[in-house]
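The structure appears right after this line, and notes come after that.
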Amino acid sequence: MQEVSTSTKNVFRGPIAIFVLAVVLLWMKTYAAYQIEFNLGIDNSMQKFLLFLNPLSSSLLFLGIALFFKGKVQSTLLIVIQFLLSFLLYANVVYYRFFNDFITVPVLMQTKTNAGQLGDSAFSLMTPLDIFYFADTILLIALLAFKVSKPAAKRKWKSAGLVIAMAAIVFSINLHLAEKDRPELLTRTFDRNYLVKYLGSYNFTIYDIVQNVQTARQRAMADSSDITSVENYIKANYAEPNPAYFGKAKGMNVVYLSLESLQSFIIDYEIDGQEVTPFLNSLAHDNETFYFKNYFHQTGQGKTSDAEFMMDNSLYPMAQGSVYVSKAQNTFHSAPAILKKDDYVSAVFHGNYKTFWNRNVMYKSLGYDKFFDAEYYDMSEDNIKNYGMKDKPFVEESQPLLESLEQPFYSKYILLSNHFPFKMDEGDTNFPAADTDDKVVNQYFQSAHYMDEALKQFFDQLKESGLYDNTIVVMYGDHYGISENHNQAMKEIIGKDIDDYEYAQLQRVPLFIHAPGVKGGAKDTYGGAVDVMPTVLHLLGVDTKDYLQIGSDLLSKDHREVIPFRNGDFITPTITSVNGKYYSNEDGQEIKGDGFAELNKQAKTELSISDSIVNKDLLRFYTPEGYTPIDRDDYNYIYDKEADVNDQ
């Protein structure tokens, strides 16, 4: 009896027991995170079962690696793997809390690039309860440290092999059921939500690594023949410029202003009877300014950098990561490069350091002549907030730099203040906060008001300098500011329940094109970020028919009004497609039936063609007539103190 008792005790203290405990803890913790942290859109009992099942195969596979070793190596490896998987899960949790998305390999590359400047946003998303995500690792360390459980004295190849085989069987069952519920799951690369929902966050990471390896191979294997089908599609769908507007701003300067996190619901909105954005409101009702009411951001994981990329190239961002980080050495036919033949000088003004988002590398490929980064500005503590310089001192100090440029110029200001978590420094604004239970949403209105004041300041300075009458000003919201994690507070703000349909409508961001002497006004046209570049170039009198651009001129009678989002959803003037469901824009109600195949095909074809151009670097095989390719060696952004007019 004593022998049986001792044997039983040894089983519970043995290496298999600690392995099983580690697997169960990781499995249950991951499932709990799915339920608590992620909004995966579970629609049926099969999806509920798969959500419960999918962490098991990963837990068995990765932790099973430790069983191929013995002694302290086995126990150490078990703890290290448990910690790494826990860290990956927690990193996804924090990332999802703001971006409603999952980390990919290119995003990890971006984190290296942007290290040290993400602190405020990341820390604001963490809570003391997050220790839960590492409690299992702490428990395993304690059990092994106090010798409650002992590592294996011998390698047990059979046990290890059996565990790996079990992992493979569980994954096969998982994949079979997932494909049954969602056919062509692994070809739906636009939507990470589906992959995590069906296969799990750890398996998604493996899938993502494979996808990135394949993308690298795509470029290596591409040749000039790949450009033919792309060129044929784009030229067949070219939107002729509107004669009423083509060339009406010929020879004018261009200034883009990236409006950080600004969404269209803010236009004409009031808090306590005060307009949040009075200056932008005045432009929205000004016949001298084009205001596009149904303009949508189309960014992916690269957010602000994705918006910049679309403005300059009329191509979609990558499905995973950022073009600015992963494809910065590619060949592009950017607006700054195209306008060189008309003697335009190009410049970027950015109150942060040049390495953020890898801009100092990417801008060389785009052909920007000058890059005024943080080194040209007073980056004292009173002047900085979030990701760099506050908008008002940034606009003030940028004006002499702008005036120093030869004309005509093509330039870009990157405003930064209106960034999550939107907290304002004391004294920067006296505008009231909103009154909800959500501090982030409340602060958003104060931050947006501050940016609006900076924009008025910019226009006033432009008039004082004499540049106003000869300068097109393009202002665009770069991406959403309020994620779906704040839907409860946003329900109070817009007075509606926010379901999938309403959240898609909230992806509208403002687009203003102010061209002196050109009659504008509010436009109902549906458009997206890829459409801005051909619109502006046509106003300048540059025909885009020979360039491989995905977007179409917003002022053209042939403008295409199917607006794809980076995850494969799309919106048109009549319907909205979200997660494979279709809704009427008239009443927001779901529409049953399969009559939208052509629209769905168009959206996915555009994304696919753009991905082919970017991932295969196809523009290296195509040079439009009259275009001079960019030589990256012609550009450098080394700080030139003598050229810094703010010091003079």
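Going by the structure tokens order, chains are called A, B, ..., each with residues numbered from 1, while ligands are numbered from 1 in the order shown.
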
- Quick one: everything within 10 Å of Tyr233 (chain A), counting only C-alpha atoms, minus sequence neighbours fewer than 4 positions away in the same chain. Send it as a PyMOL selection string. chain A and resi 228-229+237-238+548+550+605-606+609

- Message: At a cut-off of 12 Å, using only C-alpha atoms, what residues contact Gln446 (chain A)? Leave out same-chain residues fewer than 4 positions from it and give the result as a ChimeraX atom specification.
- Response: /A:266,270-271,274-277,417-419,421-435,439-442,450-453

Quick one: write out the picked residues with N, CA, C and O atoms as a short mmCIF file (atom, residue, chain, number, x, y, z; two decimals), in the first residue's frame?
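Output saved as out.cif:
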data_model
loop_
_atom_site.label_atom_id
_atom_site.label_comp_id
_atom_site.auth_asym_id
_atom_site.auth_seq_id
_atom_site.Cartn_x
_atom_site.Cartn_y
_atom_site.Cartn_z
N ILE A 266 -16.38 64.28 -35.82
CA ILE A 266 -16.00 65.46 -35.06
C ILE A 266 -16.42 66.76 -35.75
O ILE A 266 -16.60 67.80 -35.11
N GLU A 270 -20.51 69.54 -31.26
CA GLU A 270 -20.40 70.54 -30.19
C GLU A 270 -20.34 69.89 -28.82
O GLU A 270 -20.99 68.86 -28.58
N ILE A 271 -19.57 70.48 -27.93
CA ILE A 271 -19.53 70.10 -26.51
C ILE A 271 -19.93 71.33 -25.71
O ILE A 271 -19.31 72.41 -25.86
N GLN A 274 -20.23 74.48 -27.63
CA GLN A 274 -19.04 75.00 -28.31
C GLN A 274 -18.60 74.03 -29.41
O GLN A 274 -18.55 72.82 -29.19
N GLU A 275 -18.29 74.56 -30.58
CA GLU A 275 -17.81 73.74 -31.69
C GLU A 275 -16.43 73.15 -31.34
O GLU A 275 -15.54 73.88 -30.89
N VAL A 276 -16.27 71.86 -31.58
CA VAL A 276 -14.98 71.22 -31.29
C VAL A 276 -13.94 71.68 -32.31
O VAL A 276 -12.80 71.99 -31.96
N THR A 277 -14.34 71.75 -33.57
CA THR A 277 -13.39 72.13 -34.64
C THR A 277 -13.97 73.29 -35.45
O THR A 277 -14.32 73.12 -36.62
N SER A 417 -0.15 65.92 -32.18
CA SER A 417 -0.71 66.09 -30.84
C SER A 417 -1.97 65.25 -30.58
O SER A 417 -2.18 64.77 -29.47
N ASN A 418 -2.81 65.11 -31.60
CA ASN A 418 -4.08 64.41 -31.39
C ASN A 418 -3.90 62.90 -31.45
O ASN A 418 -4.49 62.20 -32.26
N HIS A 419 -3.08 62.39 -30.57
CA HIS A 419 -2.73 60.97 -30.56
C HIS A 419 -3.19 60.32 -29.25
O HIS A 419 -3.14 60.94 -28.19
N PRO A 421 -3.15 58.58 -25.86
CA PRO A 421 -4.47 58.60 -25.20
C PRO A 421 -5.13 59.97 -25.13
O PRO A 421 -6.07 60.16 -24.36
N PHE A 422 -4.64 60.96 -25.89
CA PHE A 422 -5.28 62.26 -26.08
C PHE A 422 -5.24 63.19 -24.86
O PHE A 422 -5.93 64.21 -24.84
N LYS A 423 -4.45 62.86 -23.88
CA LYS A 423 -4.37 63.70 -22.70
C LYS A 423 -3.64 65.00 -23.03
O LYS A 423 -2.59 65.00 -23.65
N MET A 424 -4.20 66.12 -22.59
CA MET A 424 -3.61 67.43 -22.85
C MET A 424 -2.81 67.90 -21.63
O MET A 424 -3.17 67.62 -20.48
N ASP A 425 -1.72 68.61 -21.91
CA ASP A 425 -0.97 69.23 -20.82
C ASP A 425 -1.72 70.45 -20.30
O ASP A 425 -2.43 71.12 -21.05
N GLU A 426 -1.55 70.72 -19.03
CA GLU A 426 -2.20 71.86 -18.42
C GLU A 426 -1.79 73.15 -19.13
O GLU A 426 -0.60 73.39 -19.40
N GLY A 427 -2.77 73.98 -19.44
CA GLY A 427 -2.50 75.25 -20.09
C GLY A 427 -2.57 75.21 -21.60
O GLY A 427 -2.59 76.27 -22.25
N ASP A 428 -2.62 74.02 -22.19
CA ASP A 428 -2.66 73.93 -23.65
C ASP A 428 -4.06 74.15 -24.22
O ASP A 428 -4.21 74.49 -25.39
N THR A 429 -5.08 73.90 -23.42
CA THR A 429 -6.44 74.12 -23.90
C THR A 429 -7.37 74.34 -22.71
O THR A 429 -7.15 73.78 -21.62
N ASN A 430 -8.38 75.16 -22.93
CA ASN A 430 -9.43 75.32 -21.91
C ASN A 430 -10.76 74.78 -22.43
O ASN A 430 -11.82 75.04 -21.86
N PHE A 431 -10.69 73.99 -23.51
CA PHE A 431 -11.91 73.43 -24.09
C PHE A 431 -12.43 72.31 -23.18
O PHE A 431 -11.64 71.52 -22.65
N PRO A 432 -13.74 72.21 -23.00
CA PRO A 432 -14.27 71.18 -22.09
C PRO A 432 -14.12 69.77 -22.65
O PRO A 432 -14.16 69.55 -23.87
N ALA A 433 -13.95 68.81 -21.75
CA ALA A 433 -13.94 67.40 -22.13
C ALA A 433 -15.37 66.91 -22.30
O ALA A 433 -16.33 67.53 -21.81
N ALA A 434 -15.53 65.82 -23.00
CA ALA A 434 -16.85 65.18 -23.10
C ALA A 434 -17.21 64.57 -21.75
O ALA A 434 -16.35 64.41 -20.87
N ASP A 435 -18.45 64.22 -21.59
CA ASP A 435 -18.92 63.71 -20.30
C ASP A 435 -19.41 62.27 -20.45
O ASP A 435 -20.60 61.99 -20.48
N LYS A 439 -12.40 58.01 -20.16
CA LYS A 439 -11.48 59.14 -20.14
C LYS A 439 -10.86 59.40 -21.51
O LYS A 439 -10.67 60.56 -21.92
N VAL A 440 -10.53 58.33 -22.24
CA VAL A 440 -9.91 58.49 -23.56
C VAL A 440 -10.83 59.25 -24.50
O VAL A 440 -10.42 60.19 -25.19
N VAL A 441 -12.10 58.85 -24.55
CA VAL A 441 -13.07 59.52 -25.42
C VAL A 441 -13.27 60.97 -24.98
O VAL A 441 -13.32 61.89 -25.81
N ASN A 442 -13.36 61.19 -23.69
CA ASN A 442 -13.55 62.55 -23.18
C ASN A 442 -12.42 63.48 -23.62
O ASN A 442 -12.65 64.62 -24.03
N TYR A 450 -7.56 71.43 -29.94
CA TYR A 450 -6.21 72.01 -29.96
C TYR A 450 -5.63 71.93 -31.38
O TYR A 450 -5.04 72.89 -31.88
N MET A 451 -5.80 70.79 -32.04
CA MET A 451 -5.30 70.64 -33.40
C MET A 451 -6.00 71.61 -34.34
O MET A 451 -5.36 72.20 -35.23
N ASP A 452 -7.30 71.80 -34.16
CA ASP A 452 -8.04 72.72 -35.01
C ASP A 452 -7.49 74.14 -34.89
O ASP A 452 -7.37 74.86 -35.89
N GLU A 453 -7.12 74.53 -33.67
CA GLU A 453 -6.53 75.86 -33.47
C GLU A 453 -5.18 75.96 -34.18
O GLU A 453 -4.83 77.01 -34.73
#

- Message: Write out as JSON, numbers by chain the set of residues from region 385-429 of chain A that DSSP, computed on the backbone, places in helix (DSSP H, G or I).
- Response: {"A": [391, 392, 393, 394, 395, 396, 397, 398, 399, 400, 401, 402, 403]}

- Item | Shell of 7 Å around Val254 (chain A), only C-alpha atoms, local chain residues under 2 positions omitted, as a ChimeraX atom specification | /A:252,256,409-411,471-473

Residues of the last selection are to be written out with N, CA and C atoms, as a JSON list (two decimals), in the first residue's frame.
[["chain", "number", "residue", "atom", "x", "y", "z"],
["A", 252, "MET", "N", 0.87, 75.50, -58.88],
["A", 252, "MET", "CA", 0.74, 75.90, -57.48],
["A", 252, "MET", "C", 1.62, 75.04, -56.56],
["A", 256, "TYR", "N", 0.50, 69.16, -47.82],
["A", 256, "TYR", "CA", -0.36, 68.16, -47.17],
["A", 256, "TYR", "C", -0.22, 68.34, -45.66],
["A", 409, "PHE", "N", 6.72, 74.07, -54.66],
["A", 409, "PHE", "CA", 7.13, 73.00, -53.76],
["A", 409, "PHE", "C", 5.97, 72.05, -53.47],
["A", 410, "TYR", "N", 6.34, 70.83, -53.16],
["A", 410, "TYR", "CA", 5.40, 69.78, -52.74],
["A", 410, "TYR", "C", 5.85, 69.39, -51.34],
["A", 411, "SER", "N", 5.00, 69.62, -50.34],
["A", 411, "SER", "CA", 5.45, 69.44, -48.96],
["A", 411, "SER", "C", 4.40, 68.74, -48.11],
["A", 471, "THR", "N", -1.08, 78.26, -53.19],
["A", 471, "THR", "CA", -0.79, 76.98, -52.52],
["A", 471, "THR", "C", -2.05, 76.14, -52.33],
["A", 472, "ILE", "N", -2.02, 74.92, -52.84],
["A", 472, "ILE", "CA", -3.06, 73.94, -52.52],
["A", 472, "ILE", "C", -2.76, 73.37, -51.13],
["A", 473, "VAL", "N", -3.77, 73.33, -50.28],
["A", 473, "VAL", "CA", -3.61, 72.72, -48.96],
["A", 473, "VAL", "C", -4.53, 71.50, -48.88]]

- Message: I need the residue nearest Phe279 (chain A) from this list: A:Lys293, A:Lys390, A:His449, A:Lys70. Use only C-alpha atoms for the distance.
- Response: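 Result for the nearest residue to Phe279 (chain A): A:His449.
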